[in-house]
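Asker: Below you'll find my_file-v2.cif; it's mmCIF, C-alpha atoms.
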```cif
data_coords
loop_
_atom_site.group_PDB
_atom_site.id
_atom_site.type_symbol
_atom_site.label_atom_id
_atom_site.label_comp_id
_atom_site.auth_asym_id
_atom_site.auth_seq_id
_atom_site.Cartn_x
_atom_site.Cartn_y
_atom_site.Cartn_z
ATOM 1 C CA MET A 1 53.349 51.338 59.694
ATOM 2 C CA ASN A 2 53.790 52.515 56.132
ATOM 3 C CA GLU A 3 57.386 53.270 55.198
ATOM 4 C CA MET A 4 59.537 54.620 52.394
ATOM 5 C CA LYS A 5 63.273 54.679 51.782
ATOM 6 C CA LEU A 6 65.004 57.084 49.468
ATOM 7 C CA ILE A 7 68.700 57.404 48.576
ATOM 8 C CA PHE A 8 69.948 60.380 46.596
ATOM 9 C CA LYS A 9 73.173 62.262 45.868
ATOM 10 C CA SER A 10 74.232 65.265 47.922
ATOM 11 C CA ARG A 11 73.384 67.760 45.191
ATOM 12 C CA LEU A 12 71.542 70.903 46.309
ATOM 13 C CA GLU A 13 68.751 70.417 43.770
ATOM 14 C CA ASN A 14 67.889 67.131 45.486
ATOM 15 C CA GLU A 15 66.747 68.930 48.639
ATOM 16 C CA ALA A 16 63.491 69.958 46.922
ATOM 17 C CA PHE A 17 63.152 66.419 45.557
ATOM 18 C CA ALA A 18 63.419 64.977 49.087
ATOM 19 C CA ARG A 19 60.805 67.400 50.477
ATOM 20 C CA THR A 20 58.406 66.682 47.610
ATOM 21 C CA CYS A 21 58.749 62.906 48.010
ATOM 22 C CA VAL A 22 58.069 63.073 51.739
ATOM 23 C CA VAL A 23 55.014 65.328 51.333
ATOM 24 C CA ALA A 24 53.599 63.022 48.640
ATOM 25 C CA PHE A 25 54.257 59.961 50.799
ATOM 26 C CA LEU A 26 52.453 61.552 53.772
ATOM 27 C CA ALA A 27 49.433 62.673 51.695
ATOM 28 C CA PRO A 28 47.156 59.884 53.011
ATOM 29 C CA LEU A 29 47.425 61.419 56.495
ATOM 30 C CA HIS A 30 45.647 64.628 55.379
ATOM 31 C CA LEU A 31 47.952 66.720 57.569
ATOM 32 C CA SER A 32 47.309 70.361 58.366
ATOM 33 C CA MET A 33 49.260 72.944 56.386
ATOM 34 C CA GLU A 34 51.141 73.865 59.584
ATOM 35 C CA THR A 35 52.256 70.275 60.183
ATOM 36 C CA LEU A 36 53.254 69.840 56.518
ATOM 37 C CA MET A 37 55.329 73.018 56.636
ATOM 38 C CA GLU A 38 57.072 71.833 59.805
ATOM 39 C CA ILE A 39 57.910 68.476 58.214
ATOM 40 C CA LYS A 40 59.114 70.137 55.003
ATOM 41 C CA THR A 41 61.345 72.397 57.100
ATOM 42 C CA ILE A 42 62.756 69.450 59.052
ATOM 43 C CA ILE A 43 63.565 67.630 55.797
ATOM 44 C CA ALA A 44 65.088 70.730 54.184
ATOM 45 C CA GLU A 45 67.296 71.531 57.190
ATOM 46 C CA GLY A 46 68.434 67.934 57.640
ATOM 47 C CA VAL A 47 69.235 67.370 53.979
ATOM 48 C CA VAL A 48 71.034 70.693 53.534
ATOM 49 C CA ASN A 49 73.047 70.093 56.725
ATOM 50 C CA ALA A 50 74.160 66.720 55.348
ATOM 51 C CA MET A 51 75.156 68.333 52.045
ATOM 52 C CA ILE A 52 76.945 71.389 53.386
ATOM 53 C CA HIS A 53 78.422 70.112 56.632
ATOM 54 C CA GLY A 54 78.539 66.322 56.233
ATOM 55 C CA TYR A 55 79.823 66.224 52.668
ATOM 56 C CA GLU A 56 81.299 69.726 52.762
ATOM 57 C CA GLY A 57 79.605 70.625 49.477
ATOM 58 C CA LYS A 58 80.835 67.565 47.557
ATOM 59 C CA GLU A 59 78.076 66.299 45.280
ATOM 60 C CA ASP A 60 79.001 62.612 45.199
ATOM 61 C CA GLY A 61 77.909 61.584 48.695
ATOM 62 C CA ASP A 62 74.771 59.550 49.318
ATOM 63 C CA ILE A 63 72.016 60.708 51.644
ATOM 64 C CA ALA A 64 69.510 58.131 52.842
ATOM 65 C CA LEU A 65 66.077 59.236 54.008
ATOM 66 C CA GLU A 66 63.639 56.866 55.658
ATOM 67 C CA VAL A 67 60.135 57.931 56.657
ATOM 68 C CA CYS A 68 57.441 55.835 58.272
ATOM 69 C CA TYR A 69 54.068 56.677 59.724
ATOM 70 C CA ASP A 70 50.861 55.446 61.229
ATOM 71 C CA GLU A 71 47.872 57.381 62.539
ATOM 72 C CA GLU A 72 49.811 58.485 65.651
ATOM 73 C CA ILE A 73 53.355 59.332 64.590
ATOM 74 C CA ILE A 74 55.739 60.185 61.753
ATOM 75 C CA ILE A 75 59.314 58.949 62.113
ATOM 76 C CA ILE A 76 62.095 60.416 59.980
ATOM 77 C CA ASP A 77 65.624 59.003 59.834
ATOM 78 C CA LEU A 78 68.270 60.776 57.775
ATOM 79 C CA PHE A 79 71.717 59.257 57.221
ATOM 80 C CA ASP A 80 74.922 60.456 55.607
ATOM 81 C CA GLN A 81 78.400 58.974 55.418
ATOM 82 C CA GLY A 82 80.109 62.353 55.511
ATOM 83 C CA CYS A 83 82.765 63.754 57.792
ATOM 84 C CA GLY A 84 80.682 63.409 60.972
ATOM 85 C CA ILE A 85 80.392 65.780 63.908
ATOM 86 C CA ALA A 86 83.243 65.910 66.445
ATOM 87 C CA ASN A 87 81.263 67.741 69.140
ATOM 88 C CA ILE A 88 77.493 67.178 68.918
ATOM 89 C CA GLU A 89 76.787 69.311 71.996
ATOM 90 C CA GLN A 90 78.556 72.280 70.404
ATOM 91 C CA ALA A 91 76.880 71.696 67.030
ATOM 92 C CA MET A 92 73.463 71.737 68.734
ATOM 93 C CA GLN A 93 74.032 75.222 70.148
ATOM 94 C CA PRO A 94 71.941 77.940 68.464
ATOM 95 C CA LEU A 95 74.006 80.118 66.109
ATOM 96 C CA TYR A 96 76.957 77.697 66.014
ATOM 97 C CA THR A 97 78.143 76.835 62.512
ATOM 98 C CA SER A 98 81.192 75.009 61.258
ATOM 99 C CA ARG A 99 80.827 76.842 57.934
ATOM 100 C CA GLN A 100 81.183 80.540 58.711
ATOM 101 C CA ASP A 101 82.737 80.900 55.253
ATOM 102 C CA LEU A 102 79.281 80.242 53.791
ATOM 103 C CA GLU A 103 77.489 82.662 56.116
ATOM 104 C CA ARG A 104 75.403 79.842 57.616
ATOM 105 C CA SER A 105 72.986 80.858 60.399
ATOM 106 C CA GLY A 106 73.807 77.997 62.744
ATOM 107 C CA MET A 107 70.106 77.361 63.394
ATOM 108 C CA GLY A 108 69.500 74.077 61.539
ATOM 109 C CA PHE A 109 69.475 71.763 64.549
ATOM 110 C CA THR A 110 67.542 74.313 66.621
ATOM 111 C CA ILE A 111 64.855 74.606 63.949
ATOM 112 C CA MET A 112 64.538 70.835 63.588
ATOM 113 C CA GLN A 113 64.324 70.395 67.367
ATOM 114 C CA THR A 114 61.599 73.042 67.587
ATOM 115 C CA PHE A 115 59.349 71.177 65.146
ATOM 116 C CA ALA A 116 60.082 67.654 66.451
ATOM 117 C CA ASP A 117 58.738 65.807 69.458
ATOM 118 C CA VAL A 118 61.871 63.647 69.536
ATOM 119 C CA PHE A 119 65.170 64.754 67.997
ATOM 120 C CA HIS A 120 68.350 62.707 68.293
ATOM 121 C CA VAL A 121 71.724 63.098 66.592
ATOM 122 C CA ASP A 122 74.245 60.275 66.403
ATOM 123 C CA SER A 123 77.517 61.055 64.699
ATOM 124 C CA LYS A 124 81.072 59.804 64.510
ATOM 125 C CA PRO A 125 83.911 61.751 62.894
ATOM 126 C CA GLY A 126 84.950 60.113 59.647
ATOM 127 C CA VAL A 127 81.879 57.840 59.643
ATOM 128 C CA GLY A 128 78.834 60.075 59.228
ATOM 129 C CA THR A 129 75.719 61.386 60.924
ATOM 130 C CA ASN A 130 72.296 59.929 61.644
ATOM 131 C CA LEU A 131 69.295 62.056 62.588
ATOM 132 C CA HIS A 132 66.252 60.467 64.202
ATOM 133 C CA ILE A 133 63.140 62.650 64.350
ATOM 134 C CA GLU A 134 59.668 61.846 65.599
ATOM 135 C CA LYS A 135 56.557 63.973 65.093
ATOM 136 C CA LYS A 136 53.467 62.943 67.039
ATOM 137 C CA LEU A 137 50.148 63.394 65.299
ATOM 138 C CA LEU A 138 47.867 63.134 68.346
#
```
Please rewrite the model in this file as C-alpha coordinates.
Answerer:
Amino acid sequence: MNEMKLIFKSRLENEAFARTCVVAFLAPLHLSMETLMEIKTIIAEGVVNAMIHGYEGKEDGDIALEVCYDEEIIIIDLFDQGCGIANIEQAMQPLYTSRQDLERSGMGFTIMQTFADVFHVDSKPGVGTNLHIEKKLL
(Lines of atoms letter the chains of each structure in order from A and count residues from 1; the text may use other names and numbers.)
(Lines give C-alpha, C1' and ligand atoms only; values in the text may rest on other atoms or scores of the structure.)
Protein backbone atom coordinates (compact mmCIF):
# COMPACT_ATOMS: atom_id res chain seq x y z
CA MET A 1 0.00 0.00 0.00
CA ASN A 2 1.10 3.54 -0.73
CA GLU A 3 0.46 5.96 2.12
CA MET A 4 0.69 9.62 3.05
CA LYS A 5 0.38 11.49 6.33
CA LEU A 6 -0.44 15.15 6.62
CA ILE A 7 -0.78 17.35 9.71
CA PHE A 8 -2.16 20.86 9.43
CA LYS A 9 -3.76 23.56 11.59
CA SER A 10 -7.52 23.87 11.94
CA ARG A 11 -7.73 26.96 9.75
CA LEU A 12 -10.57 27.01 7.20
CA GLU A 13 -8.22 27.73 4.29
CA ASN A 14 -6.50 24.41 4.99
CA GLU A 15 -9.59 22.44 3.96
CA ALA A 16 -8.85 23.12 0.27
CA PHE A 17 -5.19 22.26 0.91
CA ALA A 18 -6.18 18.87 2.37
CA ARG A 19 -8.48 18.06 -0.58
CA THR A 20 -5.82 19.06 -3.12
CA CYS A 21 -3.13 16.96 -1.42
CA VAL A 22 -5.35 13.89 -1.34
CA VAL A 23 -6.39 14.23 -5.00
CA ALA A 24 -2.74 14.65 -6.05
CA PHE A 25 -1.71 11.65 -3.95
CA LEU A 26 -4.42 9.48 -5.55
CA ALA A 27 -3.58 10.57 -9.12
CA PRO A 28 -1.77 7.30 -9.98
CA LEU A 29 -5.09 5.45 -9.56
CA HIS A 30 -6.67 7.31 -12.52
CA LEU A 31 -10.00 7.50 -10.68
CA SER A 32 -13.23 8.49 -12.37
CA MET A 33 -14.43 12.06 -11.87
CA GLU A 34 -17.36 10.71 -9.82
CA THR A 35 -15.06 8.83 -7.43
CA LEU A 36 -12.72 11.83 -7.11
CA MET A 37 -15.64 14.11 -6.29
CA GLU A 38 -16.87 11.67 -3.63
CA ILE A 39 -13.42 11.51 -2.03
CA LYS A 40 -13.03 15.30 -2.16
CA THR A 41 -16.43 15.62 -0.46
CA ILE A 42 -15.49 13.12 2.24
CA ILE A 43 -12.26 15.03 2.95
CA ALA A 44 -14.01 18.42 2.95
CA GLU A 45 -16.79 17.28 5.31
CA GLY A 46 -14.40 15.52 7.68
CA VAL A 47 -11.93 18.38 7.87
CA VAL A 48 -14.59 21.07 8.28
CA ASN A 49 -16.33 19.01 10.98
CA ALA A 50 -13.04 18.78 12.88
CA MET A 51 -12.53 22.54 12.57
CA ILE A 52 -16.03 23.69 13.42
CA HIS A 53 -17.18 21.05 15.88
CA GLY A 54 -13.98 19.48 17.21
CA TYR A 55 -12.01 22.68 17.70
CA GLU A 56 -15.07 24.92 17.86
CA GLY A 57 -13.56 27.33 15.33
CA LYS A 58 -10.22 27.72 17.12
CA GLU A 59 -7.41 27.85 14.57
CA ASP A 60 -4.61 26.38 16.67
CA GLY A 61 -5.68 22.73 16.73
CA ASP A 62 -3.92 20.07 14.69
CA ILE A 63 -5.75 17.84 12.24
CA ALA A 64 -4.00 14.68 11.07
CA LEU A 65 -4.99 13.08 7.78
CA GLU A 66 -3.69 9.70 6.70
CA VAL A 67 -4.54 8.19 3.33
CA CYS A 68 -3.39 4.88 1.91
CA TYR A 69 -4.35 2.95 -1.18
CA ASP A 70 -3.74 -0.02 -3.38
CA GLU A 71 -5.54 -1.15 -6.52
CA GLU A 72 -8.57 -2.32 -4.50
CA ILE A 73 -9.20 0.23 -1.76
CA ILE A 74 -8.60 3.75 -0.44
CA ILE A 75 -8.43 4.15 3.33
CA ILE A 76 -8.79 7.57 4.94
CA ASP A 77 -8.18 8.25 8.63
CA LEU A 78 -8.80 11.72 10.03
CA PHE A 79 -7.85 12.64 13.60
CA ASP A 80 -8.37 15.68 15.79
CA GLN A 81 -7.67 16.34 19.45
CA GLY A 82 -10.68 18.60 19.87
CA CYS A 83 -13.57 18.50 22.29
CA GLY A 84 -14.83 15.08 21.14
CA ILE A 85 -18.39 13.89 20.66
CA ALA A 86 -20.46 13.01 23.74
CA ASN A 87 -23.17 11.11 21.84
CA ILE A 88 -21.97 9.63 18.54
CA GLU A 89 -25.35 8.05 17.78
CA GLN A 90 -27.05 11.44 18.05
CA ALA A 91 -24.32 13.17 16.03
CA MET A 92 -24.79 10.62 13.23
CA GLN A 93 -28.47 11.49 12.84
CA PRO A 94 -29.28 13.42 9.64
CA LEU A 95 -29.95 17.12 10.31
CA TYR A 96 -28.47 17.04 13.83
CA THR A 97 -25.92 19.77 14.50
CA SER A 98 -24.25 20.93 17.67
CA ARG A 99 -23.67 24.32 16.02
CA GLN A 100 -27.11 25.72 15.23
CA ASP A 101 -25.61 29.17 15.83
CA LEU A 102 -23.65 28.72 12.59
CA GLU A 103 -26.64 27.48 10.59
CA ARG A 104 -24.95 24.12 9.95
CA SER A 105 -26.99 21.58 7.96
CA GLY A 106 -26.25 18.60 10.17
CA MET A 107 -25.52 16.42 7.13
CA GLY A 108 -21.73 15.98 7.33
CA PHE A 109 -21.68 12.45 8.72
CA THR A 110 -24.59 11.42 6.49
CA ILE A 111 -22.80 12.67 3.38
CA MET A 112 -19.56 10.93 4.32
CA GLN A 113 -21.40 7.67 5.04
CA THR A 114 -23.17 7.85 1.68
CA PHE A 115 -19.88 7.99 -0.24
CA ALA A 116 -17.99 5.45 1.92
CA ASP A 117 -18.09 1.68 1.93
CA VAL A 118 -16.95 1.66 5.57
CA PHE A 119 -17.46 4.63 7.89
CA HIS A 120 -16.55 4.52 11.57
CA VAL A 121 -16.41 7.27 14.18
CA ASP A 122 -14.49 6.91 17.43
CA SER A 123 -14.65 9.82 19.81
CA LYS A 124 -14.14 10.63 23.46
CA PRO A 125 -15.19 13.92 25.06
CA GLY A 126 -12.15 16.00 25.92
CA VAL A 127 -9.85 13.73 23.89
CA GLY A 128 -10.86 14.08 20.24
CA THR A 129 -12.38 12.29 17.28
CA ASN A 130 -11.09 9.74 14.80
CA LEU A 131 -12.82 8.99 11.50
CA HIS A 132 -12.02 5.81 9.59
CA ILE A 133 -13.31 5.67 6.02
CA GLU A 134 -12.84 3.02 3.37
CA LYS A 135 -13.70 3.36 -0.32
CA LYS A 136 -13.52 0.19 -2.40
CA LEU A 137 -12.30 0.57 -5.95
CA LEU A 138 -13.51 -2.77 -7.33
Asker: So how far away is CA of Val22 in chain A from CA of Glu56 in chain A, in Å?
Answerer: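 A separation of 24.2 Å between them.
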Asker: With all atoms listed in the file as the basis for distance, which of A:Glu34, A:Glu45, A:Glu72, A:Glu59 is at the shortest distance from Ser10 in chain A?
Answerer: A:Glu59
Asker: Can you pull out every residue within 9 Å of Asp117 in chain A, counting all atoms listed in the file, but drop anything in the same chain fewer than 2 positions away, and send it as an MDAnalysis selection string?
Answerer: chainID A and resid 113:115 119 133:136
Asker: Between CA of Cys68 in chain A and CA of Pro125 in chain A, what is the spacing in Å?
Answerer: 27.5 Å
Asker: So, with only C-alpha atoms as the atoms that count, which of A:Arg11, A:Lys124, A:Arg19, A:His30 lies closest to Met51 in chain A?
Answerer: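 Of A:Arg11, A:Lys124, A:Arg19, A:His30, the one nearest Met51 in chain A, counting only C-alpha atoms, is A:Arg11.
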Asker: Could you please determine the separation between CA of Leu65 in chain A and CA of Asp80 in chain A in Å, to one decimal place?
Answerer: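 These two atoms are separated by 9.1 Å.
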Asker: Evaluating the PyMOL selection byres ((chain A and resi 61) around 12) on the displayed file yields which residues, as a count of residues only?
Answerer: 28
